[in-house]
>>> print(open('my_file.pdb').read())   # PDB, C-alpha atoms
MODEL        1
ATOM      1  CA  MET A  30      21.258  35.079   1.031  1.00  0.00           C
ATOM      2  CA  THR A  31      19.554  32.102   2.682  1.00  0.00           C
ATOM      3  CA  LYS A  32      17.893  29.246   0.847  1.00  0.00           C
ATOM      4  CA  GLN A  33      14.481  30.459   2.042  1.00  0.00           C
ATOM      5  CA  GLU A  34      15.143  33.981   0.691  1.00  0.00           C
ATOM      6  CA  LEU A  35      16.034  32.460  -2.675  1.00  0.00           C
ATOM      7  CA  LEU A  36      12.846  30.408  -2.676  1.00  0.00           C
ATOM      8  CA  ASP A  37      10.463  33.151  -1.511  1.00  0.00           C
ATOM      9  CA  GLY A  38       7.918  33.865  -4.181  1.00  0.00           C
ATOM     10  CA  GLN A  39       8.705  30.717  -6.131  1.00  0.00           C
ATOM     11  CA  THR A  40       6.265  27.887  -6.687  1.00  0.00           C
ATOM     12  CA  LYS A  41       7.223  24.287  -6.137  1.00  0.00           C
ATOM     13  CA  HIS A  42       6.129  21.871  -8.862  1.00  0.00           C
ATOM     14  CA  LEU A  43       4.592  18.644  -7.623  1.00  0.00           C
ATOM     15  CA  LEU A  44       4.728  15.841 -10.149  1.00  0.00           C
ATOM     16  CA  THR A  45       1.488  14.428 -11.420  1.00  0.00           C
ATOM     17  CA  ALA A  46       0.927  10.710 -11.724  1.00  0.00           C
ATOM     18  CA  GLU A  47       1.220  11.039 -15.521  1.00  0.00           C
ATOM     19  CA  GLU A  48       4.554  12.870 -15.298  1.00  0.00           C
ATOM     20  CA  PHE A  49       5.879  10.328 -12.810  1.00  0.00           C
ATOM     21  CA  LEU A  50       4.871   7.393 -15.014  1.00  0.00           C
ATOM     22  CA  LEU A  51       6.391   9.058 -18.085  1.00  0.00           C
ATOM     23  CA  LEU A  52       9.699   9.584 -16.257  1.00  0.00           C
ATOM     24  CA  ASP A  53       9.619   5.970 -15.102  1.00  0.00           C
ATOM     25  CA  ASP A  54       8.908   4.717 -18.652  1.00  0.00           C
ATOM     26  CA  GLU A  55      11.940   6.690 -19.867  1.00  0.00           C
ATOM     27  CA  GLY A  56      14.179   5.034 -17.249  1.00  0.00           C
ATOM     28  CA  ALA A  57      14.764   8.196 -15.213  1.00  0.00           C
ATOM     29  CA  PHE A  58      14.893   6.272 -11.929  1.00  0.00           C
ATOM     30  CA  GLY A  59      17.209   3.481 -13.018  1.00  0.00           C
ATOM     31  CA  VAL A  60      16.455   0.069 -11.581  1.00  0.00           C
ATOM     32  CA  ARG A  61      15.401   1.254  -8.119  1.00  0.00           C
ATOM     33  CA  SER A  62      11.741   1.080  -7.135  1.00  0.00           C
ATOM     34  CA  THR A  63      10.103   4.436  -6.575  1.00  0.00           C
ATOM     35  CA  GLU A  64       6.833   5.826  -5.283  1.00  0.00           C
ATOM     36  CA  LEU A  65       5.139   9.146  -5.888  1.00  0.00           C
ATOM     37  CA  ILE A  66       3.766  10.491  -2.605  1.00  0.00           C
ATOM     38  CA  GLY A  67       2.289  13.972  -2.488  1.00  0.00           C
ATOM     39  CA  GLY A  68       3.854  14.792  -5.852  1.00  0.00           C
ATOM     40  CA  GLU A  69       7.372  13.942  -4.650  1.00  0.00           C
ATOM     41  CA  ILE A  70       9.478  10.955  -5.709  1.00  0.00           C
ATOM     42  CA  TYR A  71      10.725   8.558  -3.034  1.00  0.00           C
ATOM     43  CA  TYR A  72      13.128   5.680  -3.527  1.00  0.00           C
ATOM     44  CA  MET A  73      12.003   2.484  -1.839  1.00  0.00           C
ATOM     45  CA  SER A  74      14.137   0.927   0.887  1.00  0.00           C
ATOM     46  CA  PRO A  75      15.856  -2.374   0.113  1.00  0.00           C
ATOM     47  CA  LYS A  76      13.684  -5.304   1.150  1.00  0.00           C
ATOM     48  CA  HIS A  77      15.312  -7.616   3.678  1.00  0.00           C
ATOM     49  CA  ARG A  78      14.478 -11.237   4.489  1.00  0.00           C
ATOM     50  CA  PRO A  79      11.945 -10.636   7.313  1.00  0.00           C
ATOM     51  CA  HIS A  80       9.977  -8.388   4.965  1.00  0.00           C
ATOM     52  CA  ALA A  81      10.268 -10.843   2.052  1.00  0.00           C
ATOM     53  CA  ARG A  82       9.223 -13.803   4.221  1.00  0.00           C
ATOM     54  CA  ALA A  83       6.152 -11.954   5.495  1.00  0.00           C
ATOM     55  CA  VAL A  84       5.114 -10.920   1.960  1.00  0.00           C
ATOM     56  CA  THR A  85       5.592 -14.468   0.652  1.00  0.00           C
ATOM     57  CA  GLU A  86       3.623 -16.051   3.510  1.00  0.00           C
ATOM     58  CA  LEU A  87       0.817 -13.538   3.085  1.00  0.00           C
ATOM     59  CA  VAL A  88       0.581 -14.108  -0.670  1.00  0.00           C
ATOM     60  CA  ILE A  89       0.254 -17.850  -0.047  1.00  0.00           C
ATOM     61  CA  ALA A  90      -2.302 -17.435   2.772  1.00  0.00           C
ATOM     62  CA  ILE A  91      -4.399 -14.884   0.879  1.00  0.00           C
ATOM     63  CA  ALA A  92      -4.323 -16.922  -2.350  1.00  0.00           C
ATOM     64  CA  LYS A  93      -5.544 -19.991  -0.412  1.00  0.00           C
ATOM     65  CA  ALA A  94      -8.318 -17.980   1.221  1.00  0.00           C
ATOM     66  CA  LEU A  95      -9.413 -16.486  -2.106  1.00  0.00           C
ATOM     67  CA  GLU A  96      -9.384 -19.888  -3.819  1.00  0.00           C
ATOM     68  CA  ALA A  97     -11.524 -21.404  -1.046  1.00  0.00           C
ATOM     69  CA  SER A  98     -14.493 -19.208  -2.008  1.00  0.00           C
ATOM     70  CA  ASP A  99     -15.841 -17.551  -5.100  1.00  0.00           C
ATOM     71  CA  PHE A 100     -14.757 -13.994  -4.292  1.00  0.00           C
ATOM     72  CA  GLY A 101     -13.696 -13.157  -7.860  1.00  0.00           C
ATOM     73  CA  LEU A 102     -10.600 -11.538  -6.388  1.00  0.00           C
ATOM     74  CA  SER A 103      -6.839 -11.999  -6.759  1.00  0.00           C
ATOM     75  CA  VAL A 104      -3.789 -10.923  -4.793  1.00  0.00           C
ATOM     76  CA  LEU A 105      -1.011  -8.972  -6.530  1.00  0.00           C
ATOM     77  CA  SER A 106       2.368  -8.050  -5.062  1.00  0.00           C
ATOM     78  CA  ASP A 107       4.587  -5.004  -5.635  1.00  0.00           C
ATOM     79  CA  ILE A 108       2.188  -3.230  -7.967  1.00  0.00           C
ATOM     80  CA  SER A 109       1.885   0.504  -8.374  1.00  0.00           C
ATOM     81  CA  LEU A 110      -1.520   1.959  -7.541  1.00  0.00           C
ATOM     82  CA  ARG A 111      -2.852   5.275  -8.819  1.00  0.00           C
ATOM     83  CA  ALA A 112      -4.248   6.708  -5.585  1.00  0.00           C
ATOM     84  CA  SER A 113      -4.672  10.332  -6.763  1.00  0.00           C
ATOM     85  CA  ASP A 114      -3.364  12.860  -9.266  1.00  0.00           C
ATOM     86  CA  HIS A 115      -0.155  13.178  -7.185  1.00  0.00           C
ATOM     87  CA  ASP A 116       0.115   9.768  -5.500  1.00  0.00           C
ATOM     88  CA  VAL A 117       1.359   6.493  -6.981  1.00  0.00           C
ATOM     89  CA  PRO A 118       2.374   4.290  -4.053  1.00  0.00           C
ATOM     90  CA  GLU A 119       3.672   0.751  -4.468  1.00  0.00           C
ATOM     91  CA  PRO A 120       2.006  -1.312  -1.750  1.00  0.00           C
ATOM     92  CA  ASP A 121       3.388  -4.747  -0.953  1.00  0.00           C
ATOM     93  CA  LEU A 122       0.077  -6.473  -1.693  1.00  0.00           C
ATOM     94  CA  VAL A 123      -3.292  -5.539  -3.150  1.00  0.00           C
ATOM     95  CA  ILE A 124      -6.419  -7.654  -3.262  1.00  0.00           C
ATOM     96  CA  THR A 125      -8.128  -6.696  -6.503  1.00  0.00           C
ATOM     97  CA  ASP A 126     -10.934  -7.593  -8.865  1.00  0.00           C
ATOM     98  CA  ALA A 127      -8.814  -6.507 -11.874  1.00  0.00           C
ATOM     99  CA  PRO A 128      -5.583  -8.556 -11.934  1.00  0.00           C
ATOM    100  CA  GLU A 129      -5.342  -8.520 -15.733  1.00  0.00           C
ATOM    101  CA  GLY A 130      -4.567  -5.562 -17.961  1.00  0.00           C
ATOM    102  CA  ASP A 131      -1.791  -3.123 -18.779  1.00  0.00           C
ATOM    103  CA  GLY A 132      -0.335  -0.324 -16.725  1.00  0.00           C
ATOM    104  CA  ILE A 133      -0.648   0.439 -13.054  1.00  0.00           C
ATOM    105  CA  LEU A 134      -3.638  -0.645 -11.001  1.00  0.00           C
ATOM    106  CA  PRO A 135      -6.501   1.859 -11.046  1.00  0.00           C
ATOM    107  CA  LEU A 136      -7.739   2.947  -7.627  1.00  0.00           C
ATOM    108  CA  GLU A 137     -11.223   1.492  -7.979  1.00  0.00           C
ATOM    109  CA  ALA A 138      -9.703  -1.982  -8.465  1.00  0.00           C
ATOM    110  CA  ALA A 139      -8.034  -1.962  -5.009  1.00  0.00           C
ATOM    111  CA  LYS A 140     -10.333  -3.732  -2.552  1.00  0.00           C
ATOM    112  CA  LEU A 141      -7.744  -4.172   0.215  1.00  0.00           C
ATOM    113  CA  VAL A 142      -4.217  -2.741   0.384  1.00  0.00           C
ATOM    114  CA  ILE A 143      -1.425  -4.250   2.511  1.00  0.00           C
ATOM    115  CA  GLU A 144       1.923  -2.756   3.506  1.00  0.00           C
ATOM    116  CA  VAL A 145       4.508  -4.982   5.210  1.00  0.00           C
ATOM    117  CA  SER A 146       6.586  -2.963   7.627  1.00  0.00           C
ATOM    118  CA  ALA A 147       9.984  -4.028   8.859  1.00  0.00           C
ATOM    119  CA  SER A 148      11.523  -0.540   8.857  1.00  0.00           C
ATOM    120  CA  THR A 149       8.739   1.822   7.690  1.00  0.00           C
ATOM    121  CA  LEU A 150       6.118   1.472  10.439  1.00  0.00           C
ATOM    122  CA  ALA A 151       5.706   5.192  11.179  1.00  0.00           C
ATOM    123  CA  THR A 152       5.199   5.973   7.482  1.00  0.00           C
ATOM    124  CA  ASP A 153       2.834   3.030   6.949  1.00  0.00           C
ATOM    125  CA  LEU A 154       0.669   3.931   9.971  1.00  0.00           C
ATOM    126  CA  GLY A 155       0.828   7.688   9.279  1.00  0.00           C
ATOM    127  CA  VAL A 156       1.364   9.076   5.785  1.00  0.00           C
ATOM    128  CA  LYS A 157       0.301   5.898   3.971  1.00  0.00           C
ATOM    129  CA  ALA A 158      -2.831   5.402   6.130  1.00  0.00           C
ATOM    130  CA  ASP A 159      -3.860   8.987   5.366  1.00  0.00           C
ATOM    131  CA  LEU A 160      -3.057   8.558   1.659  1.00  0.00           C
ATOM    132  CA  TYR A 161      -5.117   5.353   1.316  1.00  0.00           C
ATOM    133  CA  SER A 162      -7.943   6.806   3.412  1.00  0.00           C
ATOM    134  CA  ALA A 163      -8.085   9.980   1.304  1.00  0.00           C
ATOM    135  CA  ALA A 164      -8.152   7.814  -1.831  1.00  0.00           C
ATOM    136  CA  GLY A 165     -11.122   5.876  -0.429  1.00  0.00           C
ATOM    137  CA  VAL A 166      -9.377   2.494  -0.159  1.00  0.00           C
ATOM    138  CA  PRO A 167     -11.987   0.570   1.854  1.00  0.00           C
ATOM    139  CA  GLU A 168      -9.559  -1.526   3.892  1.00  0.00           C
ATOM    140  CA  TYR A 169      -5.856  -1.231   4.696  1.00  0.00           C
ATOM    141  CA  TRP A 170      -3.612  -3.622   6.638  1.00  0.00           C
ATOM    142  CA  VAL A 171      -0.143  -2.903   8.038  1.00  0.00           C
ATOM    143  CA  VAL A 172       1.905  -5.994   8.855  1.00  0.00           C
ATOM    144  CA  ASP A 173       4.208  -4.960  11.704  1.00  0.00           C
ATOM    145  CA  VAL A 174       6.986  -7.560  11.438  1.00  0.00           C
ATOM    146  CA  ASP A 175       8.829  -6.404  14.580  1.00  0.00           C
ATOM    147  CA  ALA A 176       5.772  -6.419  16.873  1.00  0.00           C
ATOM    148  CA  ARG A 177       4.397  -9.596  15.233  1.00  0.00           C
ATOM    149  CA  ARG A 178       0.970  -8.109  14.569  1.00  0.00           C
ATOM    150  CA  VAL A 179      -1.286  -6.893  11.788  1.00  0.00           C
ATOM    151  CA  VAL A 180      -2.896  -3.482  12.221  1.00  0.00           C
ATOM    152  CA  MET A 181      -6.167  -3.649  10.314  1.00  0.00           C
ATOM    153  CA  HIS A 182      -7.886  -0.420   9.191  1.00  0.00           C
ATOM    154  CA  ALA A 183     -11.394  -0.065   7.728  1.00  0.00           C
ATOM    155  CA  CYS A 184     -13.922   2.708   7.097  1.00  0.00           C
ATOM    156  CA  PRO A 185     -11.899   5.605   5.644  1.00  0.00           C
ATOM    157  CA  ARG A 186     -12.733   8.942   7.239  1.00  0.00           C
ATOM    158  CA  ALA A 187     -14.562  11.429   5.042  1.00  0.00           C
ATOM    159  CA  GLU A 188     -11.869  14.071   5.552  1.00  0.00           C
ATOM    160  CA  GLY A 189      -9.176  11.591   4.448  1.00  0.00           C
ATOM    161  CA  ARG A 190      -7.210  11.506   7.695  1.00  0.00           C
ATOM    162  CA  GLY A 191      -6.970   7.819   8.533  1.00  0.00           C
ATOM    163  CA  TYR A 192      -9.624   5.235   9.251  1.00  0.00           C
ATOM    164  CA  ASP A 193     -12.392   5.028  11.853  1.00  0.00           C
ATOM    165  CA  GLY A 194     -11.970   1.286  12.418  1.00  0.00           C
ATOM    166  CA  ARG A 195      -8.659  -0.068  13.690  1.00  0.00           C
ATOM    167  CA  ARG A 196      -7.851  -3.475  15.131  1.00  0.00           C
ATOM    168  CA  ASP A 197      -4.564  -5.148  16.137  1.00  0.00           C
ATOM    169  CA  VAL A 198      -4.325  -8.868  15.411  1.00  0.00           C
ATOM    170  CA  PRO A 199      -1.308 -10.849  16.679  1.00  0.00           C
ATOM    171  CA  PHE A 200       0.515 -13.205  14.311  1.00  0.00           C
ATOM    172  CA  GLY A 201      -0.953 -16.680  14.604  1.00  0.00           C
ATOM    173  CA  GLU A 202      -4.568 -15.497  14.704  1.00  0.00           C
ATOM    174  CA  VAL A 203      -6.925 -15.434  11.722  1.00  0.00           C
ATOM    175  CA  LEU A 204      -7.425 -12.110   9.937  1.00  0.00           C
ATOM    176  CA  TYR A 205     -11.092 -11.503   9.122  1.00  0.00           C
ATOM    177  CA  ALA A 206     -11.477  -8.827   6.468  1.00  0.00           C
ATOM    178  CA  ALA A 207     -13.895  -6.083   7.457  1.00  0.00           C
ATOM    179  CA  THR A 208     -14.954  -5.187   3.906  1.00  0.00           C
ATOM    180  CA  ILE A 209     -14.703  -8.499   2.010  1.00  0.00           C
ATOM    181  CA  GLU A 210     -17.363 -10.651   3.607  1.00  0.00           C
ATOM    182  CA  GLY A 211     -16.153 -14.155   4.395  1.00  0.00           C
ATOM    183  CA  LEU A 212     -12.463 -13.526   3.712  1.00  0.00           C
ATOM    184  CA  ALA A 213     -10.413 -15.162   6.480  1.00  0.00           C
ATOM    185  CA  VAL A 214      -6.607 -15.231   6.194  1.00  0.00           C
ATOM    186  CA  GLU A 215      -4.401 -17.519   8.309  1.00  0.00           C
ATOM    187  CA  THR A 216      -1.309 -15.902   9.819  1.00  0.00           C
ATOM    188  CA  ARG A 217       0.342 -18.977  11.355  1.00  0.00           C
ATOM    189  CA  GLY A 218       3.126 -18.822   8.753  1.00  0.00           C
ATOM    190  CA  LEU A 219       4.094 -15.227   9.510  1.00  0.00           C
ATOM    191  CA  SER A 220       7.326 -14.901  11.415  1.00  0.00           C
TER
ENDMDL
END
>>> encode(input="my_file.pdb", output="structure tokens")
Amino acid sequence: MTKQELLDGQTKHLLTAEEFLLLDDEGAFGVRSTELIGGEIYYMSPKHRPHARAVTELVIAIAKALEASDFGLSVLSDISLRASDHDVPEPDLVITDAPEGDGILPLEAAKLVIEVSASTLATDLGVKADLYSAAGVPEYWVVDVDARRVVMHACPRAEGRGYDGRRDVPFGEVLYAATIEGLAVETRGLS
């Protein structure tokens, strides 16, 4: 009997965000970082120096840009975000108006989500772009470390399949947020 024959007629259970968070609270995943995508648990890849350098430089640049004006926003790194009933991704950075509080970041508090990609570019530009678009995240940036560019997305499509606006910005140029008026982020420090 094949695996498919064994599975015919059975229903697959997709974890909910609540179930995922309960399992995490109980230590089911050990010390490894995990994400819930489409109801399935994924272990995060180890983060290497190019990725860590890019995240660090972006945190510094974004914090400076936010401090320069009265946006009422903060940047958080490596925080879980409840994107839907079956999605709890852990983006590298989130610009939010709700940095304080307990638990994971609620979706409505995410004003701009950033993934830094050193080895996950296809996922970040595909599955993750669709996930954030479907959740209604207004703006999403993918930092492509290898190509030395930032792929900026804005205007989530109504059907939740990506974004209408997309722009590539090379490292060294200023990033002008499409949805946070006046936010300009220097990228000279990105390597």
>>> closest_atom_pairs(input="my_file.pdb", of="region 58-155 of chain A", to="region 214-220 of chain A", cutoff="7 Å", atoms="only C-alpha atoms", output="tab-separated table")
residue	atom	partner	partner_atom	distance
A:Ala83	CA	A:Leu219	CA	5.6
A:Glu86	CA	A:Gly218	CA	6.0
A:Ala90	CA	A:Glu215	CA	5.9
A:Ile91	CA	A:Val214	CA	5.8
A:Ala94	CA	A:Val214	CA	5.9
>>> write_last_selection(input="my_file.pdb", atoms="C-alpha atoms", output="mmCIF file, in the frame of the given file")
data_model
loop_
_atom_site.group_PDB
_atom_site.id
_atom_site.type_symbol
_atom_site.label_atom_id
_atom_site.label_comp_id
_atom_site.auth_asym_id
_atom_site.auth_seq_id
_atom_site.Cartn_x
_atom_site.Cartn_y
_atom_site.Cartn_z
ATOM 1 C CA ALA A 83 6.152 -11.954 5.495
ATOM 2 C CA GLU A 86 3.623 -16.051 3.510
ATOM 3 C CA ALA A 90 -2.302 -17.435 2.772
ATOM 4 C CA ILE A 91 -4.399 -14.884 0.879
ATOM 5 C CA ALA A 94 -8.318 -17.980 1.221
#
>>> resolve_selection(input="my_file.pdb", expression="the PyMOL selection byres ((chain A and resi 75) around 12)", output="list in words")
Val60, Arg61, Ser62, Thr63, Tyr72, Met73, Ser74, Lys76, His77, Arg78, Pro79, His80, Ala81, Ser146, Ala147, Ser148 and Thr149 of chain A
>>> residues_around(input="my_file.pdb", residues="Ala127 (chain A)", least_positions_apart="3", cutoff="8 Å", atoms="only C-alpha atoms", output="list in words")
Leu102, Ser103, Gly130, Leu134 and Ala138 of chain A
>>> atom_distance(input="my_file.pdb", atom1="CA of Leu136 (chain A)", atom2="CA of Ala163 (chain A)")
11.4 Å
>>> resolve_selection(input="my_file.pdb", expression="the PyMOL selection byres ((chain A and resi 187) around 12)", output="PyMOL selection string")
chain A and resi 159+161-167+184-186+188-193
>>> write_last_selection(input="my_file.pdb", atoms="C-alpha atoms", output="short mmCIF file (atom, residue, chain, number, x, y, z; two decimals), in the frame of the given file")
data_model
loop_
_atom_site.label_atom_id
_atom_site.label_comp_id
_atom_site.auth_asym_id
_atom_site.auth_seq_id
_atom_site.Cartn_x
_atom_site.Cartn_y
_atom_site.Cartn_z
CA ASP A 159 -3.86 8.99 5.37
CA TYR A 161 -5.12 5.35 1.32
CA SER A 162 -7.94 6.81 3.41
CA ALA A 163 -8.09 9.98 1.30
CA ALA A 164 -8.15 7.81 -1.83
CA GLY A 165 -11.12 5.88 -0.43
CA VAL A 166 -9.38 2.49 -0.16
CA PRO A 167 -11.99 0.57 1.85
CA CYS A 184 -13.92 2.71 7.10
CA PRO A 185 -11.90 5.60 5.64
CA ARG A 186 -12.73 8.94 7.24
CA GLU A 188 -11.87 14.07 5.55
CA GLY A 189 -9.18 11.59 4.45
CA ARG A 190 -7.21 11.51 7.70
CA GLY A 191 -6.97 7.82 8.53
CA TYR A 192 -9.62 5.24 9.25
CA ASP A 193 -12.39 5.03 11.85
#
>>> closest_atom_pairs(input="my_file.pdb", of="region 74-192 of chain A", to="region 36-59 of chain A", cutoff="12 Å", atoms="all atoms listed in the file", output="JSON lines")
{"residue": "A:Ser109", "atom": "CA", "partner": "A:Leu50", "partner_atom": "CA", "distance": 10.0}
{"residue": "A:Leu110", "atom": "CA", "partner": "A:Ala46", "partner_atom": "CA", "distance": 10.0}
{"residue": "A:Arg111", "atom": "CA", "partner": "A:Ala46", "partner_atom": "CA", "distance": 7.2}
{"residue": "A:Ala112", "atom": "CA", "partner": "A:Ala46", "partner_atom": "CA", "distance": 9.0}
{"residue": "A:Ser113", "atom": "CA", "partner": "A:Ala46", "partner_atom": "CA", "distance": 7.5}
{"residue": "A:Asp114", "atom": "CA", "partner": "A:Ala46", "partner_atom": "CA", "distance": 5.4}
{"residue": "A:His115", "atom": "CA", "partner": "A:Thr45", "partner_atom": "CA", "distance": 4.7}
{"residue": "A:Asp116", "atom": "CA", "partner": "A:Ala46", "partner_atom": "CA", "distance": 6.3}
{"residue": "A:Val117", "atom": "CA", "partner": "A:Ala46", "partner_atom": "CA", "distance": 6.4}
{"residue": "A:Pro118", "atom": "CA", "partner": "A:Ala46", "partner_atom": "CA", "distance": 10.1}
{"residue": "A:Gly132", "atom": "CA", "partner": "A:Leu50", "partner_atom": "CA", "distance": 9.5}
{"residue": "A:Ile133", "atom": "CA", "partner": "A:Leu50", "partner_atom": "CA", "distance": 9.1}
{"residue": "A:Pro135", "atom": "CA", "partner": "A:Ala46", "partner_atom": "CA", "distance": 11.6}
>>> atom_distance(input="my_file.pdb", atom1="CA of Gly155 (chain A)", atom2="CA of Leu95 (chain A)")
28.6 Å
>>> closest_residue(input="my_file.pdb", among="A:Glu137, A:Asp197, A:Glu202, A:Asp173", to="Thr152 (chain A)", atoms="all atoms listed in the file")
A:Asp173
>>> closest_residue(input="my_file.pdb", among="A:Val198, A:Leu160, A:His182, A:Leu87", to="Ile124 (chain A)", atoms="all atoms listed in the file")
A:Leu87
>>> atom_distance(input="my_file.pdb", atom1="CA of Asp121 (chain A)", atom2="CA of Phe100 (chain A)")
20.6 Å
>>> residues_around(input="my_file.pdb", residues="Met181 (chain A)", least_positions_apart="5", cutoff="10 Å", atoms="only C-alpha atoms", output="PyMOL selection string")
chain A and resi 143+168-172+192+194-198+204-207
>>> closest_residue(input="my_file.pdb", among="A:Ala151, A:Lys157, A:Asp126, A:Asp131", to="Asp99 (chain A)", atoms="all atoms listed in the file")
A:Asp126
>>> closest_residue(input="my_file.pdb", among="A:Val203, A:Arg82, A:Thr125, A:Ile89", to="Gly101 (chain A)", atoms="all atoms listed in the file")
A:Thr125
>>> residues_around(input="my_file.pdb", residues="Val123 (chain A)", least_positions_apart="2", cutoff="7 Å", atoms="all atoms listed in the file", output="count of residues only")
9
>>> closest_residue(input="my_file.pdb", among="A:Val84, A:Val156, A:Val180, A:Val174", to="Gly67 (chain A)", atoms="all atoms listed in the file")
A:Val156
>>> axis_aligned_box(input="my_file.pdb", around="region 147-160 of chain A", padding_each_side="4 Å", output="AutoDock Vina command-line options")
--center_x 3.8 --center_y 2.5 --center_z 6.4 --size_x 23.4 --size_y 21.1 --size_z 17.5
